[in-house]
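Enquirer: So that you have it, the file is start-v4.tsv, and it contains TSV, C-alpha atoms:
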```tsv
chain	number	residue	atom	x	y	z
A	1	MET	CA	2.95	-7.85	-23.12
A	2	GLU	CA	1.94	-4.23	-22.55
A	3	GLN	CA	1.91	-1.76	-25.41
A	4	LYS	CA	5.02	0.39	-25.47
A	5	THR	CA	4.81	4.13	-26.07
A	6	ARG	CA	6.65	4.80	-29.35
A	7	VAL	CA	7.79	8.32	-28.53
A	8	GLY	CA	6.98	10.18	-25.34
A	9	ASN	CA	7.32	9.70	-21.63
A	10	ARG	CA	4.34	7.95	-20.05
A	11	LEU	CA	4.53	9.99	-16.86
A	12	LEU	CA	4.34	13.20	-18.86
A	13	ALA	CA	1.61	11.78	-21.08
A	14	ALA	CA	-0.57	11.34	-17.99
A	15	LEU	CA	-0.47	15.06	-17.19
A	16	PRO	CA	-3.24	17.46	-18.19
A	17	THR	CA	-2.15	19.81	-20.98
A	18	ALA	CA	-1.95	22.94	-18.83
A	19	ASP	CA	0.29	21.18	-16.31
A	20	LEU	CA	2.55	19.72	-18.99
A	21	ASP	CA	2.92	23.17	-20.54
A	22	LEU	CA	4.54	24.38	-17.31
A	23	LEU	CA	7.41	22.01	-18.11
A	24	VAL	CA	7.58	22.06	-21.91
A	25	ARG	CA	8.99	25.58	-22.14
A	26	HIS	CA	11.98	24.47	-20.05
A	27	PHE	CA	12.64	21.03	-21.53
A	28	ARG	CA	15.79	20.33	-23.50
A	29	LEU	CA	15.80	17.26	-25.75
A	30	VAL	CA	19.03	15.28	-25.26
A	31	GLU	CA	20.48	12.08	-26.62
A	32	LEU	CA	21.75	9.58	-24.08
A	33	GLN	CA	24.64	7.32	-24.99
A	34	ARG	CA	25.01	3.88	-23.46
A	35	ASP	CA	27.16	3.88	-20.30
A	36	THR	CA	26.69	7.61	-19.75
A	37	VAL	CA	26.54	8.59	-16.08
A	38	LEU	CA	23.67	10.95	-15.35
A	39	VAL	CA	24.56	11.39	-11.68
A	40	ARG	CA	26.97	9.64	-9.33
A	41	SER	CA	26.16	8.45	-5.85
A	42	GLY	CA	26.78	11.27	-3.36
A	43	ASP	CA	26.80	14.03	-5.98
A	44	PRO	CA	24.24	16.86	-6.06
A	45	ILE	CA	21.38	16.22	-8.46
A	46	GLN	CA	21.72	18.93	-11.10
A	47	ARG	CA	19.45	17.61	-13.87
A	48	ILE	CA	16.19	15.68	-14.08
A	49	PHE	CA	15.65	13.32	-17.01
A	50	PHE	CA	12.39	12.02	-18.45
A	51	PRO	CA	13.39	9.24	-20.90
A	52	LEU	CA	11.52	9.04	-24.19
A	53	SER	CA	13.39	5.89	-25.17
A	54	GLY	CA	16.26	3.79	-23.84
A	55	LEU	CA	16.90	2.53	-20.32
A	56	ILE	CA	18.42	4.02	-17.15
A	57	ALA	CA	19.65	1.77	-14.35
A	58	PHE	CA	19.98	2.86	-10.72
A	59	ILE	CA	23.18	1.45	-9.29
A	60	MET	CA	24.43	0.98	-5.74
A	61	ASP	CA	28.20	1.51	-5.44
A	62	MET	CA	29.74	-0.59	-2.68
A	63	PRO	CA	32.93	0.37	-0.77
A	64	SER	CA	34.60	-2.73	-2.27
A	65	GLY	CA	34.15	-1.29	-5.75
A	66	GLN	CA	31.39	-3.71	-6.66
A	67	THR	CA	28.20	-2.38	-8.19
A	68	VAL	CA	24.68	-3.80	-8.32
A	69	ALA	CA	21.50	-2.58	-10.02
A	70	THR	CA	18.48	-1.90	-7.82
A	71	ALA	CA	15.94	-0.64	-10.39
A	72	VAL	CA	15.51	0.39	-14.02
A	73	VAL	CA	13.34	3.00	-15.73
A	74	GLY	CA	12.55	3.74	-19.34
A	75	ASN	CA	9.82	5.93	-20.76
A	76	ASP	CA	7.71	4.89	-17.78
A	77	GLY	CA	9.76	6.93	-15.32
A	78	ALA	CA	12.34	9.61	-14.60
A	79	ALA	CA	15.72	10.11	-12.97
A	80	GLY	CA	16.59	12.86	-10.52
A	81	VAL	CA	13.18	13.57	-9.01
A	82	LEU	CA	14.53	13.31	-5.46
A	83	THR	CA	15.22	17.03	-5.82
A	84	THR	CA	11.50	17.52	-5.23
A	85	LEU	CA	12.23	16.79	-1.57
A	86	GLY	CA	14.65	19.71	-1.46
A	87	PRO	CA	18.33	20.17	-2.43
A	88	SER	CA	19.50	16.59	-2.56
A	89	ARG	CA	22.51	14.41	-3.17
A	90	SER	CA	21.87	11.26	-5.11
A	91	PRO	CA	21.78	8.08	-2.97
A	92	MET	CA	22.78	6.01	-6.01
A	93	THR	CA	24.37	6.26	-9.43
A	94	ALA	CA	22.12	6.58	-12.48
A	95	VAL	CA	23.63	5.15	-15.68
A	96	VAL	CA	22.24	4.83	-19.19
A	97	ARG	CA	22.29	1.13	-20.07
A	98	VAL	CA	20.32	1.30	-23.34
A	99	ALA	CA	20.87	4.38	-25.50
A	100	GLY	CA	17.93	6.64	-26.19
A	101	THR	CA	16.60	10.16	-25.80
A	102	ALA	CA	15.27	12.13	-22.87
A	103	LEU	CA	13.75	15.46	-21.93
A	104	GLN	CA	16.03	17.26	-19.50
A	105	ILE	CA	15.07	20.00	-17.05
A	106	SER	CA	16.82	21.71	-14.16
A	107	PRO	CA	15.67	20.99	-10.59
A	108	ALA	CA	14.83	24.68	-10.06
A	109	GLN	CA	12.60	24.81	-13.12
A	110	PHE	CA	10.94	21.54	-12.19
A	111	GLN	CA	10.37	22.70	-8.61
A	112	ALA	CA	8.74	25.92	-9.83
A	113	ALA	CA	6.31	23.89	-11.95
A	114	LEU	CA	5.71	21.49	-9.08
A	115	GLU	CA	4.58	24.32	-6.81
A	116	ARG	CA	1.94	25.32	-9.37
A	117	SER	CA	0.62	21.88	-10.29
A	118	SER	CA	-1.15	19.40	-8.06
A	119	ALA	CA	-1.24	16.95	-10.97
A	120	LEU	CA	2.54	17.10	-11.27
A	121	ARG	CA	2.92	16.53	-7.53
A	122	GLY	CA	0.70	13.48	-7.89
A	123	THR	CA	2.85	12.23	-10.75
A	124	VAL	CA	6.00	12.55	-8.63
A	125	GLN	CA	4.34	10.62	-5.81
A	126	THR	CA	3.34	7.93	-8.30
A	127	LEU	CA	6.91	7.62	-9.59
A	128	ASN	CA	8.37	7.42	-6.10
A	129	ARG	CA	5.88	4.71	-5.10
A	130	ALA	CA	6.67	2.72	-8.24
A	131	LEU	CA	10.41	2.97	-7.65
A	132	MET	CA	10.01	1.94	-4.01
A	133	ALA	CA	7.99	-1.09	-5.12
A	134	GLN	CA	10.75	-2.01	-7.55
A	135	PHE	CA	13.45	-1.64	-4.88
A	136	GLN	CA	11.49	-3.85	-2.48
A	137	HIS	CA	10.86	-6.61	-5.02
A	138	VAL	CA	14.46	-6.63	-6.26
A	139	ALA	CA	15.74	-6.95	-2.68
A	140	ALA	CA	13.39	-9.87	-1.97
A	141	CYS	CA	14.16	-11.55	-5.28
A	142	ASN	CA	17.92	-11.30	-4.72
A	143	ALA	CA	17.52	-13.08	-1.38
A	144	LEU	CA	15.16	-15.84	-2.47
A	145	HIS	CA	15.69	-16.84	-6.08
A	146	SER	CA	18.31	-18.42	-8.29
A	147	VAL	CA	20.64	-16.37	-10.44
A	148	GLU	CA	19.07	-17.87	-13.60
A	149	ALA	CA	15.57	-16.79	-12.57
A	150	ARG	CA	16.82	-13.35	-11.57
A	151	LEU	CA	18.58	-12.79	-14.89
A	152	ALA	CA	15.44	-13.85	-16.75
A	153	ARG	CA	13.49	-11.30	-14.69
A	154	TRP	CA	15.95	-8.50	-15.47
A	155	LEU	CA	15.89	-9.32	-19.18
A	156	LEU	CA	12.09	-9.11	-19.14
A	157	HIS	CA	12.24	-5.72	-17.40
A	158	VAL	CA	14.57	-4.46	-20.13
A	159	HIS	CA	12.44	-5.97	-22.89
A	160	ASP	CA	9.39	-4.13	-21.54
A	161	ARG	CA	11.20	-0.83	-22.09
A	162	VAL	CA	12.98	-1.27	-25.44
A	163	ASP	CA	11.99	-2.17	-28.99
A	164	GLY	CA	12.61	-5.62	-30.45
A	165	ASP	CA	13.84	-8.95	-29.10
A	166	VAL	CA	17.57	-8.13	-29.41
A	167	LEU	CA	18.55	-6.35	-26.20
A	168	PRO	CA	21.69	-4.16	-26.40
A	169	LEU	CA	23.21	-5.38	-23.14
A	170	THR	CA	26.85	-6.16	-22.43
A	171	GLN	CA	28.02	-8.90	-20.08
A	172	GLU	CA	29.27	-6.18	-17.75
A	173	THR	CA	25.75	-4.77	-17.53
A	174	LEU	CA	24.27	-8.21	-16.89
A	175	ALA	CA	26.84	-8.80	-14.14
A	176	GLU	CA	25.83	-5.47	-12.63
A	177	PHE	CA	22.16	-6.41	-12.70
A	178	LEU	CA	22.93	-9.60	-10.79
A	179	GLY	CA	25.80	-8.48	-8.57
A	180	VAL	CA	28.00	-11.34	-9.81
A	181	ARG	CA	31.19	-11.86	-11.80
A	182	ARG	CA	31.20	-12.02	-15.59
A	183	THR	CA	32.15	-15.69	-15.46
A	184	THR	CA	28.88	-16.38	-13.64
A	185	VAL	CA	26.98	-14.43	-16.28
A	186	THR	CA	28.54	-16.60	-19.00
A	187	GLN	CA	27.38	-19.75	-17.21
A	188	VAL	CA	23.86	-18.42	-16.65
A	189	ILE	CA	23.48	-17.25	-20.25
A	190	SER	CA	24.56	-20.72	-21.39
A	191	LYS	CA	21.81	-22.33	-19.28
A	192	LEU	CA	19.18	-19.92	-20.60
A	193	ARG	CA	20.35	-20.57	-24.15
A	194	ASP	CA	20.07	-24.34	-23.60
A	195	SER	CA	16.45	-23.85	-22.49
A	196	GLY	CA	15.68	-21.66	-25.52
A	197	ALA	CA	14.98	-18.55	-23.43
A	198	VAL	CA	18.02	-16.91	-25.01
A	199	ARG	CA	18.40	-17.50	-28.73
A	200	SER	CA	21.84	-15.96	-29.13
A	201	ASN	CA	24.21	-13.60	-27.44
A	202	GLY	CA	26.93	-11.49	-28.93
A	203	ARG	CA	29.54	-9.22	-27.48
A	204	GLY	CA	27.13	-6.37	-26.79
A	205	SER	CA	23.66	-7.81	-27.30
A	206	ILE	CA	21.40	-10.70	-26.37
A	207	GLU	CA	18.44	-12.08	-28.33
A	208	ILE	CA	15.59	-13.50	-26.29
A	209	ASP	CA	12.55	-15.72	-26.73
A	210	ARG	CA	10.05	-13.94	-24.52
A	211	PRO	CA	7.59	-16.80	-23.78
A	212	ARG	CA	10.43	-19.10	-22.76
A	213	LEU	CA	12.10	-16.31	-20.82
A	214	GLU	CA	8.89	-15.73	-18.88
A	215	ALA	CA	8.82	-19.45	-18.07
A	216	ALA	CA	12.40	-19.23	-16.79
A	217	ALA	CA	11.80	-16.19	-14.61
A	218	CYS	CA	10.68	-16.33	-10.99
A	219	GLU	CA	7.26	-15.12	-9.92
A	220	CYS	CA	8.75	-11.74	-9.00
A	221	TYR	CA	8.47	-10.47	-12.57
A	222	GLN	CA	4.69	-10.85	-12.74
A	223	LEU	CA	4.26	-9.69	-9.14
A	224	MET	CA	6.29	-6.54	-9.81
A	225	ARG	CA	4.52	-5.89	-13.06
A	226	ARG	CA	1.07	-6.17	-11.51
A	227	ARG	CA	1.96	-4.09	-8.47
A	228	ILE	CA	3.63	-1.32	-10.43
A	229	GLY	CA	0.86	-1.46	-13.01
A	230	ARG	CA	-1.61	-0.62	-10.27
A	231	ILE	CA	0.50	2.36	-9.26
A	232	VAL	CA	1.73	3.87	-12.51
A	233	LEU	CA	-0.22	5.71	-15.16
A	234	SER	CA	-3.93	5.16	-15.09
A	235	ASP	CA	-6.56	7.49	-16.44
A	236	GLU	CA	-7.42	8.26	-12.83
A	237	MET	CA	-4.26	10.38	-12.65
A	238	THR	CA	-6.00	13.03	-14.77
A	239	PRO	CA	-8.50	15.04	-12.69
A	240	PRO	CA	-12.03	15.27	-14.15
A	241	GLY	CA	-12.50	18.21	-16.50
A	242	HIS	CA	-8.81	18.53	-17.40
A	243	ALA	CA	-7.73	18.25	-21.01
A	244	ARG	CA	-5.31	15.46	-21.84
A	245	PRO	CA	-2.05	16.35	-23.63
A	246	ALA	CA	-3.26	14.53	-26.75
A	247	ASP	CA	-6.27	16.88	-26.88
A	248	ASN	CA	-4.17	20.02	-27.08
A	249	PRO	CA	-0.48	19.28	-27.77
A	250	ARG	CA	0.63	22.90	-28.42
A	251	GLY	CA	4.28	23.52	-27.49
A	252	GLN	CA	5.23	19.89	-26.85
A	253	ALA	CA	4.44	18.79	-30.41
A	254	SER	CA	7.73	20.06	-31.83
A	255	LEU	CA	9.70	18.45	-29.01
A	256	PHE	CA	8.17	15.04	-29.59
A	257	ALA	CA	8.49	15.39	-33.37
A	258	LYS	CA	12.18	16.08	-32.94
A	259	ALA	CA	12.47	13.13	-30.56
A	260	ASP	CA	10.82	10.92	-33.17
A	261	GLU	CA	13.40	12.02	-35.73
A	262	ILE	CA	16.27	11.23	-33.36
A	263	HIS	CA	14.67	7.89	-32.46
A	264	ARG	CA	14.81	6.85	-36.13
A	265	ARG	CA	18.49	7.61	-36.56
A	266	THR	CA	21.10	4.89	-36.47
A	267	GLY	CA	24.72	5.09	-35.48
A	268	ARG	CA	24.54	8.47	-33.76
A	269	GLN	CA	24.20	8.99	-30.01
A	270	GLY	CA	25.04	12.18	-28.15
A	271	MET	CA	26.65	12.23	-24.74
A	272	ILE	CA	25.42	13.65	-21.47
A	273	GLY	CA	28.05	13.63	-18.74
A	274	PRO	CA	31.11	11.39	-18.24
A	275	ARG	CA	31.34	7.67	-18.88
A	276	ALA	CA	30.84	5.26	-16.02
A	277	ARG	CA	34.01	4.11	-14.32
A	278	GLY	CA	34.82	0.47	-14.88
A	279	HIS	CA	32.01	-0.13	-17.43
```
Please express what this file holds, its structure, as structure tokens.

Expert:
Amino acid sequence: MEQKTRVGNRLLAALPTADLDLLVRHFRLVELQRDTVLVRSGDPIQRIFFPLSGLIAFIMDMPSGQTVATAVVGNDGAAGVLTTLGPSRSPMTAVVRVAGTALQISPAQFQAALERSSALRGTVQTLNRALMAQFQHVAACNALHSVEARLARWLLHVHDRVDGDVLPLTQETLAEFLGVRRTTVTQVISKLRDSGAVRSNGRGSIEIDRPRLEAAACECYQLMRRRIGRIVLSDEMTPPGHARPADNPRGQASLFAKADEIHRRTGRQGMIGPRARGH
């Protein structure tokens, strides 16, 4: 399993120091509570979020009222970057599914930095390519594989982005990942528990056995991981001769120190925006 970044967004960590400093002065550190809606489908994108911890799911809202997840991001991504293409309405709903923290910036401030930084433009292109790869794989997986294999894949995606083997996921969230009813989720969880892939599940959490969960998942998990791994965050993203953020942290140090403090807290999560309807 890949090493998780303890505090910090991996997209931002790939930027040279001078380019990151264009953003740091405008960042606001926010706490994200589970089930918080960051933007609804069809609404203007008014804030961009770079998660430091937690998990954001991108949700398609169907006319029937049903919802289905199409991708997830943690500290390997961002939400709201479509504004880089110009004033934009969100094509999907972004909802916090695992509580955490994020760095928030306005689209105007981000766009101003984007115009001055080729490295930042490259980072945005990298994120968009990674998200597109995730959308494509999820669509193929939904068409070809069993609901048990698909749930195992989703649980692995979440586990890659959170700490520990107990995943804070409700049955409603699992149903949203799969596009099925809660009764189906109950049946699938029971099968995964019988195989040992799921050790236990409570009202708002699920404990996994990763090796057995990987055995239960379809090949899409490894395919997605390898493909996105080739796209996202390599040292090649930093142009030769540029200092890395770790070499000269300057203004961002206090932000990440504060994020570390928030990350250690228990029982306190701030809210950004309204709660999701029906979740």

Enquirer: Around (0.6, 26.5, -10.5), as given in the file, which residues come within 12 Å? Count all atoms listed in the file and list them as a list in words.

Expert: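 Collected hits near the coordinates: Ala18, Asp19, Leu20, Asp21, Leu22, Leu23, Phe110, Gln111, Ala112, Ala113, Leu114, Glu115, Arg116, Ser117, Ser118, Ala119, Leu120 and Arg121 of chain A.
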
Enquirer: List the spatial neighbours of Trp154 of chain A as JSON, numbers by chain - criterion: any atom at most 12 Å away, only C-alpha atoms, same-chain residues fewer than 4 positions off excluded.

Expert: {"A": [57, 69, 70, 71, 72, 73, 134, 137, 138, 141, 142, 147, 148, 149, 150, 158, 159, 160, 161, 167, 169, 173, 174, 175, 176, 177, 178, 208, 213, 214, 216, 217, 218, 220, 221, 222, 224, 225]}

Enquirer: Report, in Å with one decimal, the straight-line distance from atom CA of Thr123 of chain A to atom CA of Asp76 of chain A.

Expert: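 Answer for the atom CA of Thr123 of chain A to atom CA of Asp76 of chain A separation: 11.3 Å.
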
Enquirer: Neighbours of Ala133 of chain A within 8 Å (all atoms listed in the file; same-chain residues fewer than 3 positions away dropped), as a ChimeraX atom specification?

Expert: /A:129-130,136-137,224,227-228

Enquirer: What is the distance between atom CA of Ala102 of chain A and atom CA of Thr126 of chain A, in Å to one decimal?

Expert: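 Straight-line distance from atom CA of Ala102 of chain A to atom CA of Thr126 of chain A works out to 19.3 Å.
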
Enquirer: With a distance cut-off of 9 Å and all atoms listed in the file, select the neighbouring residues of Ile189 of chain A, excluding the residue or stretch itself and same-chain residues fewer than 3 positions from it, and output the selection as a list in words.

Expert: Glu148, Leu151, Thr184, Val185, Thr186, Leu192, Arg193, Asp194, Val198 and Asn201 of chain A

Enquirer: Quick one, how far is atom CA of Arg203 of chain A from atom CA of Arg181 of chain A?

Expert: 16.0 Å

Enquirer: From the options A:Pro51, A:Leu144, A:Ala152, A:Arg40, which residue's atoms come nearest to Val188 of chain A, counting all atoms listed in the file?

Expert: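 Residue with the minimum atom-to-atom distance to Val188 of chain A: A:Ala152.
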
Enquirer: Looking at A:Leu127, A:Val37, A:Val68, A:Met92, which one is nearest to Arg10 of chain A, with distances taken over all atoms listed in the file?

Expert: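 Checking each candidate against Arg10 of chain A, we get A:Leu127 as the closest.
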
Enquirer: Go through A:Ala78, A:Ala215, A:Leu131, A:Val166 one by one, measure the shortest atom-to-atom distance of each to Val96 of chain A using only C-alpha atoms, and give the residue with the smallest value.

Expert: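 Distance minimum relative to Val96 of chain A lands on A:Ala78.
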
Enquirer: Measuring atom to atom with all atoms listed in the file, identify which of A:Leu156, A:Ala14, A:Ile56, A:Ile105 is nearest to Val81 of chain A.

Expert: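 Checking each of A:Leu156, A:Ala14, A:Ile56, A:Ile105 against Val81 of chain A, counting all atoms listed in the file, the winner is A:Ile105.
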